[in-house]
Amino acid sequence: MTETSWVAAWAPADGTARVTAAFAEHFGGAPDGVWSAPGRINVIGEHTDYNGGLCMPAALPHRTYVALRTRSADDGLPRSAVRLASAQEAGGDVVTVDLADVGPGRPGGWTAYVVGVAWALREAGHDVAGFDAVVDSCVPYGAGLSSSAALECSVAVALDEVHGLGLGDDAGRAVLAEACIRAENGVAGAATGGMDQAASLRCREGHALLLDCRDGSTRHIPLDLESHGLALLVIDTRAEHQLADGQYASRRAACERAAAHLGVATLREVTELDAALAALATLPDAEVVGRRVRHVVTDNARVREVERLLDAGDVEAVGPVLTAAHASLRDDYEVSCRELDVAVDAATAAGALGGRMIGGGFGGSAIALVLRDDVDAVAGAVAGAFAREGLAEPRFLVATAAGPAGRS
Ligand code: GLA
């Protein structure tokens, strides 16, 4: 069998120790605290969030850690100065940004996800000052597992606590999620929808989060695959995906154009698919737009179907729903890519009950629902298929539903 590589999650104490030591090295002394936030998978409901729809993410045990200390009056720097270092950046140099200089497109790069959150909280009227922070992470970067949201959300819970904003309960976390989304949309320039931030801030250990993006309401659904003899295998295809590029934004724009043409606020309001497709027929690109709409409407229905199956304890039956979702993302929404298709096809051929790409697409990760005893064999089969197809070696992890962002 082909060799397989696995991405381990750090023990929380290790993540905390890493950033605490790096903080002392860069800034001297101890941080006010260490906070962390998870990456996520998504069981079902893709490209539905920005359409007011339904999705069902779950937090990963892989987290981003931030050691943070708020500005003190006597450190000689402006109160709005932020100094940052990331262990993920070659050289790990300290970057200094003034919160007064943050805005659309400024700064670029990874620091946007940190200072963007402080900026968004300030824009929302919260008294947030500058700070020193060091970040480190075991969430694979660029793997479609929400490393960006994990970074934003770790900073959000840290700033909430050091400034006593009182946003620690679920309603407060929804406010923090909004600030993180604003940072991503408004500063980093990625027109993403909000599922990732809700997952990182509002998930519950052992549960998937059924999120209704029309009104932000949630339901925690027990996701205990192990007791059913099952596991969710995550396949990081190593095909790096980018959300700040045109493909994601163009899908979102097509959906918004379709909703406007149909006279509804979002595609969530579309209940009669055939009637909607007939009404879209006058658009010059009716065929393509119709397929985009069909994906969104059918994926919302698949979320309800998975909810029903999980509630009924019929977990194995979720598999084919995942595979149907993959076909819809590949053929109707056209956000898959060769690596993702090979991953899903090889996993199902090797006995997975079903699988699909997750996240924005064009790279990143896929999930496969497999019998617990088949995890290694399915991973080996996928790695073998990648090798035969001349693709980069994939990496794997097994998703267990972990806890939300918080103090470490
Ligand atoms: C990315 C975005 C999310 C969501 C997914 C697709 O992960 O950040 O907001 O739109 O893609 O479901």
# chains A, B, ... in the order shown; residues from 1 in each chain; ligands from 1
call {"tool": "closest_atom_pairs", "arguments": {"of": "chain A", "to": "ligand 1", "cutoff": "7 Å", "atoms": "only C-alpha atoms and all ligand atoms", "output": "tab-separated table"}}
result
residue	atom	partner	partner_atom_place_in_ligand_line	distance
A:Gly45	CA	ligand 1	12 (O)	6.5
A:Glu46	CA	ligand 1	12 (O)	3.4
A:His47	CA	ligand 1	12 (O)	3.5
A:Thr48	CA	ligand 1	12 (O)	5.9
A:Asp49	CA	ligand 1	10 (O)	5.6
A:Tyr50	CA	ligand 1	10 (O)	6.2
A:Gly144	CA	ligand 1	7 (O)	6.4
A:Ser146	CA	ligand 1	7 (O)	6.4
A:Thr192	CA	ligand 1	9 (O)	4.1
A:Gly193	CA	ligand 1	9 (O)	3.4
A:Gly194	CA	ligand 1	9 (O)	4.5
A:Met195	CA	ligand 1	9 (O)	4.8
A:Asp196	CA	ligand 1	8 (O)	5.6
A:Leu243	CA	ligand 1	1 (C)	6.9
A:Gly359	CA	ligand 1	7 (O)	4.0
A:Gly360	CA	ligand 1	11 (O)	3.3
call {"tool": "write_last_selection", "arguments": {"atoms": "C-alpha atoms", "output": "PDB file, in the first residue's frame"}}
result
ATOM      1  CA  GLY A  45     -24.018  22.720   2.587  1.00  0.00           C
ATOM      2  CA  GLU A  46     -21.393  24.380   0.379  1.00  0.00           C
ATOM      3  CA  HIS A  47     -21.584  27.842  -1.187  1.00  0.00           C
ATOM      4  CA  THR A  48     -24.890  28.219   0.604  1.00  0.00           C
ATOM      5  CA  ASP A  49     -23.778  30.607   3.362  1.00  0.00           C
ATOM      6  CA  TYR A  50     -23.660  33.774   1.249  1.00  0.00           C
ATOM      7  CA  GLY A 144      -9.615  24.668   2.663  1.00  0.00           C
ATOM      8  CA  SER A 146     -10.288  27.628   7.367  1.00  0.00           C
ATOM      9  CA  THR A 192     -16.505  34.896   1.854  1.00  0.00           C
ATOM     10  CA  GLY A 193     -19.809  34.123   3.469  1.00  0.00           C
ATOM     11  CA  GLY A 194     -19.410  33.505   7.207  1.00  0.00           C
ATOM     12  CA  MET A 195     -19.672  29.757   7.695  1.00  0.00           C
ATOM     13  CA  ASP A 196     -16.018  29.435   8.724  1.00  0.00           C
ATOM     14  CA  LEU A 243     -10.500  32.631  -1.876  1.00  0.00           C
ATOM     15  CA  GLY A 359     -14.946  24.659   1.344  1.00  0.00           C
ATOM     16  CA  GLY A 360     -14.574  27.087  -1.531  1.00  0.00           C
TER      17      GLY A 360
END
call {"tool": "select_by_dssp", "arguments": {"residues": "range 96-229 of chain A", "states": "alpha helix (DSSP H)", "output": "PDB file with N, CA, C and O atoms, in the first residue's frame"}}
result
ATOM      1  N   ALA A 112      -3.445  41.085   7.665  1.00  0.00           N
ATOM      2  CA  ALA A 112      -4.798  41.622   7.463  1.00  0.00           C
ATOM      3  C   ALA A 112      -5.820  40.866   8.307  1.00  0.00           C
ATOM      4  O   ALA A 112      -6.785  41.450   8.803  1.00  0.00           O
ATOM      5  N   TYR A 113      -5.601  39.566   8.468  1.00  0.00           N
ATOM      6  CA  TYR A 113      -6.565  38.738   9.212  1.00  0.00           C
ATOM      7  C   TYR A 113      -6.498  38.996  10.714  1.00  0.00           C
ATOM      8  O   TYR A 113      -7.394  38.627  11.445  1.00  0.00           O
ATOM      9  N   VAL A 114      -5.412  39.610  11.157  1.00  0.00           N
ATOM     10  CA  VAL A 114      -5.256  39.926  12.584  1.00  0.00           C
ATOM     11  C   VAL A 114      -5.738  41.352  12.852  1.00  0.00           C
ATOM     12  O   VAL A 114      -6.683  41.575  13.610  1.00  0.00           O
ATOM     13  N   VAL A 115      -5.089  42.310  12.195  1.00  0.00           N
ATOM     14  CA  VAL A 115      -5.465  43.699  12.487  1.00  0.00           C
ATOM     15  C   VAL A 115      -6.835  44.026  11.915  1.00  0.00           C
ATOM     16  O   VAL A 115      -7.520  44.920  12.407  1.00  0.00           O
ATOM     17  N   GLY A 116      -7.275  43.283  10.901  1.00  0.00           N
ATOM     18  CA  GLY A 116      -8.612  43.490  10.352  1.00  0.00           C
ATOM     19  C   GLY A 116      -9.693  43.262  11.402  1.00  0.00           C
ATOM     20  O   GLY A 116     -10.719  43.950  11.423  1.00  0.00           O
ATOM     21  N   VAL A 117      -9.454  42.312  12.285  1.00  0.00           N
ATOM     22  CA  VAL A 117     -10.446  42.021  13.331  1.00  0.00           C
ATOM     23  C   VAL A 117     -10.502  43.187  14.319  1.00  0.00           C
ATOM     24  O   VAL A 117     -11.585  43.645  14.703  1.00  0.00           O
ATOM     25  N   ALA A 118      -9.326  43.686  14.709  1.00  0.00           N
ATOM     26  CA  ALA A 118      -9.297  44.843  15.627  1.00  0.00           C
ATOM     27  C   ALA A 118      -9.970  46.046  14.966  1.00  0.00           C
ATOM     28  O   ALA A 118     -10.761  46.763  15.583  1.00  0.00           O
ATOM     29  N   TRP A 119      -9.674  46.244  13.697  1.00  0.00           N
ATOM     30  CA  TRP A 119     -10.275  47.352  12.934  1.00  0.00           C
ATOM     31  C   TRP A 119     -11.799  47.210  12.902  1.00  0.00           C
ATOM     32  O   TRP A 119     -12.535  48.166  13.168  1.00  0.00           O
ATOM     33  N   ALA A 120     -12.281  46.003  12.609  1.00  0.00           N
ATOM     34  CA  ALA A 120     -13.732  45.795  12.493  1.00  0.00           C
ATOM     35  C   ALA A 120     -14.415  46.013  13.845  1.00  0.00           C
ATOM     36  O   ALA A 120     -15.514  46.576  13.910  1.00  0.00           O
ATOM     37  N   LEU A 121     -13.764  45.581  14.929  1.00  0.00           N
ATOM     38  CA  LEU A 121     -14.352  45.803  16.259  1.00  0.00           C
ATOM     39  C   LEU A 121     -14.402  47.302  16.564  1.00  0.00           C
ATOM     40  O   LEU A 121     -15.382  47.807  17.116  1.00  0.00           O
ATOM     41  N   ARG A 122     -13.353  48.011  16.177  1.00  0.00           N
ATOM     42  CA  ARG A 122     -13.357  49.467  16.388  1.00  0.00           C
ATOM     43  C   ARG A 122     -14.445  50.124  15.550  1.00  0.00           C
ATOM     44  O   ARG A 122     -15.166  51.003  16.031  1.00  0.00           O
ATOM     45  N   GLU A 123     -14.576  49.671  14.306  1.00  0.00           N
ATOM     46  CA  GLU A 123     -15.625  50.224  13.433  1.00  0.00           C
ATOM     47  C   GLU A 123     -17.003  49.989  14.036  1.00  0.00           C
ATOM     48  O   GLU A 123     -17.926  50.774  13.835  1.00  0.00           O
ATOM     49  N   SER A 147      -7.948  28.038   7.753  1.00  0.00           N
ATOM     50  CA  SER A 147      -6.843  28.602   8.540  1.00  0.00           C
ATOM     51  C   SER A 147      -7.050  30.103   8.732  1.00  0.00           C
ATOM     52  O   SER A 147      -6.707  30.642   9.789  1.00  0.00           O
ATOM     53  N   SER A 148      -7.628  30.791   7.760  1.00  0.00           N
ATOM     54  CA  SER A 148      -7.849  32.242   7.914  1.00  0.00           C
ATOM     55  C   SER A 148      -8.837  32.522   9.036  1.00  0.00           C
ATOM     56  O   SER A 148      -8.615  33.399   9.874  1.00  0.00           O
ATOM     57  N   ALA A 149      -9.951  31.784   9.053  1.00  0.00           N
ATOM     58  CA  ALA A 149     -10.954  32.022  10.101  1.00  0.00           C
ATOM     59  C   ALA A 149     -10.385  31.665  11.469  1.00  0.00           C
ATOM     60  O   ALA A 149     -10.660  32.345  12.457  1.00  0.00           O
ATOM     61  N   ALA A 150      -9.572  30.617  11.531  1.00  0.00           N
ATOM     62  CA  ALA A 150      -8.979  30.236  12.819  1.00  0.00           C
ATOM     63  C   ALA A 150      -8.108  31.373  13.346  1.00  0.00           C
ATOM     64  O   ALA A 150      -8.123  31.691  14.536  1.00  0.00           O
ATOM     65  N   LEU A 151      -7.372  32.012  12.448  1.00  0.00           N
ATOM     66  CA  LEU A 151      -6.529  33.142  12.849  1.00  0.00           C
ATOM     67  C   LEU A 151      -7.400  34.317  13.326  1.00  0.00           C
ATOM     68  O   LEU A 151      -7.192  34.874  14.414  1.00  0.00           O
ATOM     69  N   GLU A 152      -8.388  34.667  12.508  1.00  0.00           N
ATOM     70  CA  GLU A 152      -9.264  35.792  12.895  1.00  0.00           C
ATOM     71  C   GLU A 152      -9.937  35.528  14.247  1.00  0.00           C
ATOM     72  O   GLU A 152      -9.992  36.411  15.113  1.00  0.00           O
ATOM     73  N   CYS A 153     -10.472  34.324  14.384  1.00  0.00           N
ATOM     74  CA  CYS A 153     -11.290  34.043  15.570  1.00  0.00           C
ATOM     75  C   CYS A 153     -10.450  33.930  16.836  1.00  0.00           C
ATOM     76  O   CYS A 153     -10.911  34.286  17.924  1.00  0.00           O
ATOM     77  N   SER A 154      -9.204  33.460  16.703  1.00  0.00           N
ATOM     78  CA  SER A 154      -8.341  33.416  17.890  1.00  0.00           C
ATOM     79  C   SER A 154      -8.081  34.844  18.369  1.00  0.00           C
ATOM     80  O   SER A 154      -8.096  35.126  19.572  1.00  0.00           O
ATOM     81  N   VAL A 155      -7.869  35.755  17.430  1.00  0.00           N
ATOM     82  CA  VAL A 155      -7.636  37.153  17.790  1.00  0.00           C
ATOM     83  C   VAL A 155      -8.920  37.775  18.357  1.00  0.00           C
ATOM     84  O   VAL A 155      -8.881  38.537  19.331  1.00  0.00           O
ATOM     85  N   ALA A 156     -10.057  37.422  17.770  1.00  0.00           N
ATOM     86  CA  ALA A 156     -11.332  38.002  18.231  1.00  0.00           C
ATOM     87  C   ALA A 156     -11.599  37.653  19.699  1.00  0.00           C
ATOM     88  O   ALA A 156     -11.957  38.529  20.492  1.00  0.00           O
ATOM     89  N   VAL A 157     -11.434  36.375  20.064  1.00  0.00           N
ATOM     90  CA  VAL A 157     -11.717  36.014  21.458  1.00  0.00           C
ATOM     91  C   VAL A 157     -10.666  36.626  22.399  1.00  0.00           C
ATOM     92  O   VAL A 157     -10.980  36.986  23.536  1.00  0.00           O
ATOM     93  N   ALA A 158      -9.441  36.774  21.908  1.00  0.00           N
ATOM     94  CA  ALA A 158      -8.407  37.415  22.737  1.00  0.00           C
ATOM     95  C   ALA A 158      -8.781  38.876  22.997  1.00  0.00           C
ATOM     96  O   ALA A 158      -8.759  39.340  24.138  1.00  0.00           O
ATOM     97  N   LEU A 159      -9.136  39.609  21.941  1.00  0.00           N
ATOM     98  CA  LEU A 159      -9.466  41.034  22.102  1.00  0.00           C
ATOM     99  C   LEU A 159     -10.716  41.201  22.958  1.00  0.00           C
ATOM    100  O   LEU A 159     -10.810  42.133  23.764  1.00  0.00           O
ATOM    101  N   ASP A 160     -11.683  40.311  22.781  1.00  0.00           N
ATOM    102  CA  ASP A 160     -12.886  40.369  23.620  1.00  0.00           C
ATOM    103  C   ASP A 160     -12.489  40.302  25.091  1.00  0.00           C
ATOM    104  O   ASP A 160     -12.949  41.106  25.909  1.00  0.00           O
ATOM    105  N   GLU A 161     -11.597  39.371  25.394  1.00  0.00           N
ATOM    106  CA  GLU A 161     -11.265  39.188  26.814  1.00  0.00           C
ATOM    107  C   GLU A 161     -10.360  40.297  27.369  1.00  0.00           C
ATOM    108  O   GLU A 161     -10.630  40.821  28.445  1.00  0.00           O
ATOM    109  N   VAL A 162      -9.324  40.675  26.626  1.00  0.00           N
ATOM    110  CA  VAL A 162      -8.411  41.686  27.202  1.00  0.00           C
ATOM    111  C   VAL A 162      -9.098  43.049  27.341  1.00  0.00           C
ATOM    112  O   VAL A 162      -8.725  43.849  28.191  1.00  0.00           O
ATOM    113  N   ASP A 170     -23.002  33.015  23.378  1.00  0.00           N
ATOM    114  CA  ASP A 170     -23.219  32.708  21.953  1.00  0.00           C
ATOM    115  C   ASP A 170     -23.646  33.941  21.167  1.00  0.00           C
ATOM    116  O   ASP A 170     -23.210  34.131  20.027  1.00  0.00           O
ATOM    117  N   ALA A 171     -24.483  34.781  21.773  1.00  0.00           N
ATOM    118  CA  ALA A 171     -24.902  36.000  21.061  1.00  0.00           C
ATOM    119  C   ALA A 171     -23.688  36.898  20.827  1.00  0.00           C
ATOM    120  O   ALA A 171     -23.527  37.493  19.746  1.00  0.00           O
ATOM    121  N   GLY A 172     -22.809  36.983  21.831  1.00  0.00           N
ATOM    122  CA  GLY A 172     -21.595  37.778  21.678  1.00  0.00           C
ATOM    123  C   GLY A 172     -20.681  37.187  20.616  1.00  0.00           C
ATOM    124  O   GLY A 172     -20.069  37.914  19.827  1.00  0.00           O
ATOM    125  N   ARG A 173     -20.624  35.893  20.576  1.00  0.00           N
ATOM    126  CA  ARG A 173     -19.772  35.240  19.572  1.00  0.00           C
ATOM    127  C   ARG A 173     -20.297  35.477  18.158  1.00  0.00           C
ATOM    128  O   ARG A 173     -19.519  35.546  17.200  1.00  0.00           O
ATOM    129  N   ALA A 174     -21.598  35.599  18.028  1.00  0.00           N
ATOM    130  CA  ALA A 174     -22.148  35.944  16.715  1.00  0.00           C
ATOM    131  C   ALA A 174     -21.671  37.345  16.313  1.00  0.00           C
ATOM    132  O   ALA A 174     -21.375  37.603  15.141  1.00  0.00           O
ATOM    133  N   VAL A 175     -21.551  38.244  17.301  1.00  0.00           N
ATOM    134  CA  VAL A 175     -21.035  39.595  17.026  1.00  0.00           C
ATOM    135  C   VAL A 175     -19.550  39.507  16.645  1.00  0.00           C
ATOM    136  O   VAL A 175     -19.098  40.150  15.688  1.00  0.00           O
ATOM    137  N   LEU A 176     -18.791  38.692  17.377  1.00  0.00           N
ATOM    138  CA  LEU A 176     -17.370  38.518  17.028  1.00  0.00           C
ATOM    139  C   LEU A 176     -17.232  37.929  15.624  1.00  0.00           C
ATOM    140  O   LEU A 176     -16.356  38.331  14.853  1.00  0.00           O
ATOM    141  N   ALA A 177     -18.114  36.979  15.298  1.00  0.00           N
ATOM    142  CA  ALA A 177     -18.059  36.372  13.956  1.00  0.00           C
ATOM    143  C   ALA A 177     -18.277  37.440  12.888  1.00  0.00           C
ATOM    144  O   ALA A 177     -17.585  37.463  11.860  1.00  0.00           O
ATOM    145  N   GLU A 178     -19.217  38.352  13.139  1.00  0.00           N
ATOM    146  CA  GLU A 178     -19.467  39.439  12.180  1.00  0.00           C
ATOM    147  C   GLU A 178     -18.213  40.282  11.977  1.00  0.00           C
ATOM    148  O   GLU A 178     -17.888  40.682  10.855  1.00  0.00           O
ATOM    149  N   ALA A 179     -17.511  40.565  13.086  1.00  0.00           N
ATOM    150  CA  ALA A 179     -16.279  41.365  12.968  1.00  0.00           C
ATOM    151  C   ALA A 179     -15.230  40.616  12.150  1.00  0.00           C
ATOM    152  O   ALA A 179     -14.532  41.208  11.319  1.00  0.00           O
ATOM    153  N   CYS A 180     -15.147  39.318  12.358  1.00  0.00           N
ATOM    154  CA  CYS A 180     -14.168  38.522  11.594  1.00  0.00           C
ATOM    155  C   CYS A 180     -14.526  38.504  10.106  1.00  0.00           C
ATOM    156  O   CYS A 180     -13.654  38.584   9.237  1.00  0.00           O
ATOM    157  N   ILE A 181     -15.811  38.389   9.819  1.00  0.00           N
ATOM    158  CA  ILE A 181     -16.255  38.396   8.413  1.00  0.00           C
ATOM    159  C   ILE A 181     -15.925  39.747   7.784  1.00  0.00           C
ATOM    160  O   ILE A 181     -15.441  39.842   6.648  1.00  0.00           O
ATOM    161  N   ARG A 182     -16.184  40.802   8.552  1.00  0.00           N
ATOM    162  CA  ARG A 182     -15.898  42.156   8.055  1.00  0.00           C
ATOM    163  C   ARG A 182     -14.404  42.298   7.755  1.00  0.00           C
ATOM    164  O   ARG A 182     -14.005  42.910   6.760  1.00  0.00           O
ATOM    165  N   MET A 195     -19.612  31.090   7.083  1.00  0.00           N
ATOM    166  CA  MET A 195     -19.672  29.757   7.695  1.00  0.00           C
ATOM    167  C   MET A 195     -18.438  29.471   8.564  1.00  0.00           C
ATOM    168  O   MET A 195     -18.557  28.936   9.673  1.00  0.00           O
ATOM    169  N   ASP A 196     -17.266  29.826   8.059  1.00  0.00           N
ATOM    170  CA  ASP A 196     -16.018  29.435   8.724  1.00  0.00           C
ATOM    171  C   ASP A 196     -15.893  30.092  10.094  1.00  0.00           C
ATOM    172  O   ASP A 196     -15.467  29.462  11.073  1.00  0.00           O
ATOM    173  N   GLN A 197     -16.254  31.365  10.166  1.00  0.00           N
ATOM    174  CA  GLN A 197     -16.141  32.095  11.429  1.00  0.00           C
ATOM    175  C   GLN A 197     -17.170  31.585  12.435  1.00  0.00           C
ATOM    176  O   GLN A 197     -16.875  31.447  13.627  1.00  0.00           O
ATOM    177  N   ALA A 198     -18.385  31.282  11.954  1.00  0.00           N
ATOM    178  CA  ALA A 198     -19.400  30.726  12.865  1.00  0.00           C
ATOM    179  C   ALA A 198     -18.935  29.378  13.394  1.00  0.00           C
ATOM    180  O   ALA A 198     -19.087  29.067  14.582  1.00  0.00           O
ATOM    181  N   ALA A 199     -18.344  28.575  12.516  1.00  0.00           N
ATOM    182  CA  ALA A 199     -17.862  27.257  12.939  1.00  0.00           C
ATOM    183  C   ALA A 199     -16.811  27.402  14.027  1.00  0.00           C
ATOM    184  O   ALA A 199     -16.841  26.726  15.055  1.00  0.00           O
ATOM    185  N   SER A 200     -15.860  28.303  13.802  1.00  0.00           N
ATOM    186  CA  SER A 200     -14.736  28.425  14.727  1.00  0.00           C
ATOM    187  C   SER A 200     -15.171  28.997  16.080  1.00  0.00           C
ATOM    188  O   SER A 200     -14.622  28.631  17.117  1.00  0.00           O
ATOM    189  N   LEU A 201     -16.166  29.875  16.062  1.00  0.00           N
ATOM    190  CA  LEU A 201     -16.578  30.540  17.307  1.00  0.00           C
ATOM    191  C   LEU A 201     -17.758  29.878  18.000  1.00  0.00           C
ATOM    192  O   LEU A 201     -17.914  29.989  19.208  1.00  0.00           O
ATOM    193  N   ARG A 202     -18.636  29.196  17.234  1.00  0.00           N
ATOM    194  CA  ARG A 202     -19.920  28.793  17.813  1.00  0.00           C
ATOM    195  C   ARG A 202     -20.163  27.285  17.834  1.00  0.00           C
ATOM    196  O   ARG A 202     -21.222  26.825  18.237  1.00  0.00           O
TER     197      ARG A 202
END
call {"tool": "residues_around", "arguments": {"residues": "Leu322 in chain A", "least_positions_apart": "5", "cutoff": "12 Å", "atoms": "only C-alpha atoms", "output": "PDB file with N, CA and C atoms, in the first residue's frame"}}
result
ATOM      1  N   ASN A  42     -16.656  20.815   6.777  1.00  0.00           N
ATOM      2  CA  ASN A  42     -18.078  21.094   6.603  1.00  0.00           C
ATOM      3  C   ASN A  42     -18.737  19.800   6.154  1.00  0.00           C
ATOM      4  N   VAL A  43     -19.673  19.305   6.944  1.00  0.00           N
ATOM      5  CA  VAL A  43     -20.310  18.031   6.602  1.00  0.00           C
ATOM      6  C   VAL A  43     -21.106  18.188   5.307  1.00  0.00           C
ATOM      7  N   ILE A  44     -21.903  19.240   5.240  1.00  0.00           N
ATOM      8  CA  ILE A  44     -22.763  19.419   4.058  1.00  0.00           C
ATOM      9  C   ILE A  44     -23.240  20.873   3.985  1.00  0.00           C
ATOM     10  N   GLY A  45     -23.535  21.355   2.786  1.00  0.00           N
ATOM     11  CA  GLY A  45     -24.018  22.720   2.587  1.00  0.00           C
ATOM     12  C   GLY A  45     -22.882  23.632   2.161  1.00  0.00           C
ATOM     13  N   GLU A  46     -22.560  23.625   0.859  1.00  0.00           N
ATOM     14  CA  GLU A  46     -21.393  24.380   0.379  1.00  0.00           C
ATOM     15  C   GLU A  46     -21.836  25.484  -0.569  1.00  0.00           C
ATOM     16  N   LEU A 232     -14.669  10.231   9.688  1.00  0.00           N
ATOM     17  CA  LEU A 232     -14.637  11.189   8.584  1.00  0.00           C
ATOM     18  C   LEU A 232     -13.174  11.431   8.238  1.00  0.00           C
ATOM     19  N   ASP A 299     -28.448  21.872  -2.577  1.00  0.00           N
ATOM     20  CA  ASP A 299     -27.560  21.654  -1.427  1.00  0.00           C
ATOM     21  C   ASP A 299     -28.266  22.034  -0.121  1.00  0.00           C
ATOM     22  N   ARG A 302     -30.081  19.095   0.732  1.00  0.00           N
ATOM     23  CA  ARG A 302     -29.217  18.019   1.244  1.00  0.00           C
ATOM     24  C   ARG A 302     -28.841  18.254   2.706  1.00  0.00           C
ATOM     25  N   VAL A 303     -28.721  19.511   3.115  1.00  0.00           N
ATOM     26  CA  VAL A 303     -28.447  19.772   4.535  1.00  0.00           C
ATOM     27  C   VAL A 303     -29.604  19.244   5.384  1.00  0.00           C
ATOM     28  N   GLU A 305     -31.615  16.888   4.610  1.00  0.00           N
ATOM     29  CA  GLU A 305     -31.598  15.424   4.522  1.00  0.00           C
ATOM     30  C   GLU A 305     -30.559  14.847   5.499  1.00  0.00           C
ATOM     31  N   VAL A 306     -29.379  15.445   5.552  1.00  0.00           N
ATOM     32  CA  VAL A 306     -28.344  14.964   6.479  1.00  0.00           C
ATOM     33  C   VAL A 306     -28.788  15.197   7.922  1.00  0.00           C
ATOM     34  N   VAL A 315     -26.483   7.033  10.209  1.00  0.00           N
ATOM     35  CA  VAL A 315     -25.313   7.815   9.802  1.00  0.00           C
ATOM     36  C   VAL A 315     -24.703   7.306   8.488  1.00  0.00           C
ATOM     37  N   GLU A 316     -24.737   5.993   8.289  1.00  0.00           N
ATOM     38  CA  GLU A 316     -24.143   5.459   7.048  1.00  0.00           C
ATOM     39  C   GLU A 316     -24.821   6.042   5.813  1.00  0.00           C
ATOM     40  N   ALA A 317     -26.116   6.326   5.941  1.00  0.00           N
ATOM     41  CA  ALA A 317     -26.874   6.834   4.788  1.00  0.00           C
ATOM     42  C   ALA A 317     -26.465   8.252   4.402  1.00  0.00           C
ATOM     43  N   ALA A 327     -21.063  15.811  -6.816  1.00  0.00           N
ATOM     44  CA  ALA A 327     -21.438  15.893  -8.236  1.00  0.00           C
ATOM     45  C   ALA A 327     -22.034  17.268  -8.544  1.00  0.00           C
ATOM     46  N   SER A 328     -22.824  17.780  -7.610  1.00  0.00           N
ATOM     47  CA  SER A 328     -23.457  19.083  -7.815  1.00  0.00           C
ATOM     48  C   SER A 328     -22.408  20.206  -7.821  1.00  0.00           C
ATOM     49  N   LEU A 329     -21.439  20.109  -6.918  1.00  0.00           N
ATOM     50  CA  LEU A 329     -20.366  21.123  -6.869  1.00  0.00           C
ATOM     51  C   LEU A 329     -19.473  21.041  -8.105  1.00  0.00           C
ATOM     52  N   VAL A 344     -12.151  12.063  -4.324  1.00  0.00           N
ATOM     53  CA  VAL A 344     -13.487  11.523  -4.039  1.00  0.00           C
ATOM     54  C   VAL A 344     -13.692  10.198  -4.778  1.00  0.00           C
ATOM     55  N   THR A 348     -14.223   6.598  -2.801  1.00  0.00           N
ATOM     56  CA  THR A 348     -15.460   5.809  -2.917  1.00  0.00           C
ATOM     57  C   THR A 348     -15.156   4.453  -3.577  1.00  0.00           C
ATOM     58  N   ALA A 352     -15.235   3.861   0.619  1.00  0.00           N
ATOM     59  CA  ALA A 352     -15.863   4.935   1.399  1.00  0.00           C
ATOM     60  C   ALA A 352     -17.354   4.935   1.101  1.00  0.00           C
ATOM     61  N   LEU A 353     -18.159   5.305   2.117  1.00  0.00           N
ATOM     62  CA  LEU A 353     -19.612   5.336   1.929  1.00  0.00           C
ATOM     63  C   LEU A 353     -20.036   6.532   1.098  1.00  0.00           C
ATOM     64  N   GLY A 354     -19.165   7.509   1.007  1.00  0.00           N
ATOM     65  CA  GLY A 354     -19.437   8.693   0.197  1.00  0.00           C
ATOM     66  C   GLY A 354     -18.387   9.737   0.485  1.00  0.00           C
ATOM     67  N   GLY A 355     -18.339  10.765  -0.349  1.00  0.00           N
ATOM     68  CA  GLY A 355     -17.354  11.815  -0.115  1.00  0.00           C
ATOM     69  C   GLY A 355     -17.618  13.000  -1.003  1.00  0.00           C
ATOM     70  N   ARG A 356     -16.985  14.091  -0.641  1.00  0.00           N
ATOM     71  CA  ARG A 356     -17.155  15.311  -1.424  1.00  0.00           C
ATOM     72  C   ARG A 356     -16.050  16.309  -1.110  1.00  0.00           C
ATOM     73  N   MET A 357     -15.860  17.252  -2.038  1.00  0.00           N
ATOM     74  CA  MET A 357     -14.986  18.389  -1.761  1.00  0.00           C
ATOM     75  C   MET A 357     -15.651  19.249  -0.699  1.00  0.00           C
ATOM     76  N   ILE A 358     -14.855  19.969   0.093  1.00  0.00           N
ATOM     77  CA  ILE A 358     -15.418  20.904   1.075  1.00  0.00           C
ATOM     78  C   ILE A 358     -14.790  22.285   0.883  1.00  0.00           C
ATOM     79  N   ALA A 366     -11.030  17.386   0.653  1.00  0.00           N
ATOM     80  CA  ALA A 366     -12.266  16.620   0.490  1.00  0.00           C
ATOM     81  C   ALA A 366     -12.469  15.810   1.766  1.00  0.00           C
ATOM     82  N   ILE A 367     -13.715  15.412   2.016  1.00  0.00           N
ATOM     83  CA  ILE A 367     -13.978  14.500   3.134  1.00  0.00           C
ATOM     84  C   ILE A 367     -14.546  13.198   2.563  1.00  0.00           C
ATOM     85  N   ALA A 368     -14.315  12.117   3.287  1.00  0.00           N
ATOM     86  CA  ALA A 368     -14.911  10.833   2.909  1.00  0.00           C
ATOM     87  C   ALA A 368     -15.430  10.173   4.180  1.00  0.00           C
ATOM     88  N   LEU A 369     -16.657   9.702   4.128  1.00  0.00           N
ATOM     89  CA  LEU A 369     -17.220   8.961   5.262  1.00  0.00           C
ATOM     90  C   LEU A 369     -16.833   7.498   5.080  1.00  0.00           C
ATOM     91  N   VAL A 370     -16.086   6.971   6.037  1.00  0.00           N
ATOM     92  CA  VAL A 370     -15.543   5.609   5.885  1.00  0.00           C
ATOM     93  C   VAL A 370     -15.815   4.780   7.135  1.00  0.00           C
TER      94      VAL A 370
END
call {"tool": "residues_around", "arguments": {"residues": "range 28-31 of chain A", "least_positions_apart": "2", "cutoff": "8 Å", "atoms": "only C-alpha atoms", "output": "list of chain:residue names"}}
result
A:Thr20, A:Phe23, A:Ala24, A:Glu25, A:His26, A:Gly33, A:Val34, A:Ala67, A:Leu68, A:Arg69, A:Ala133
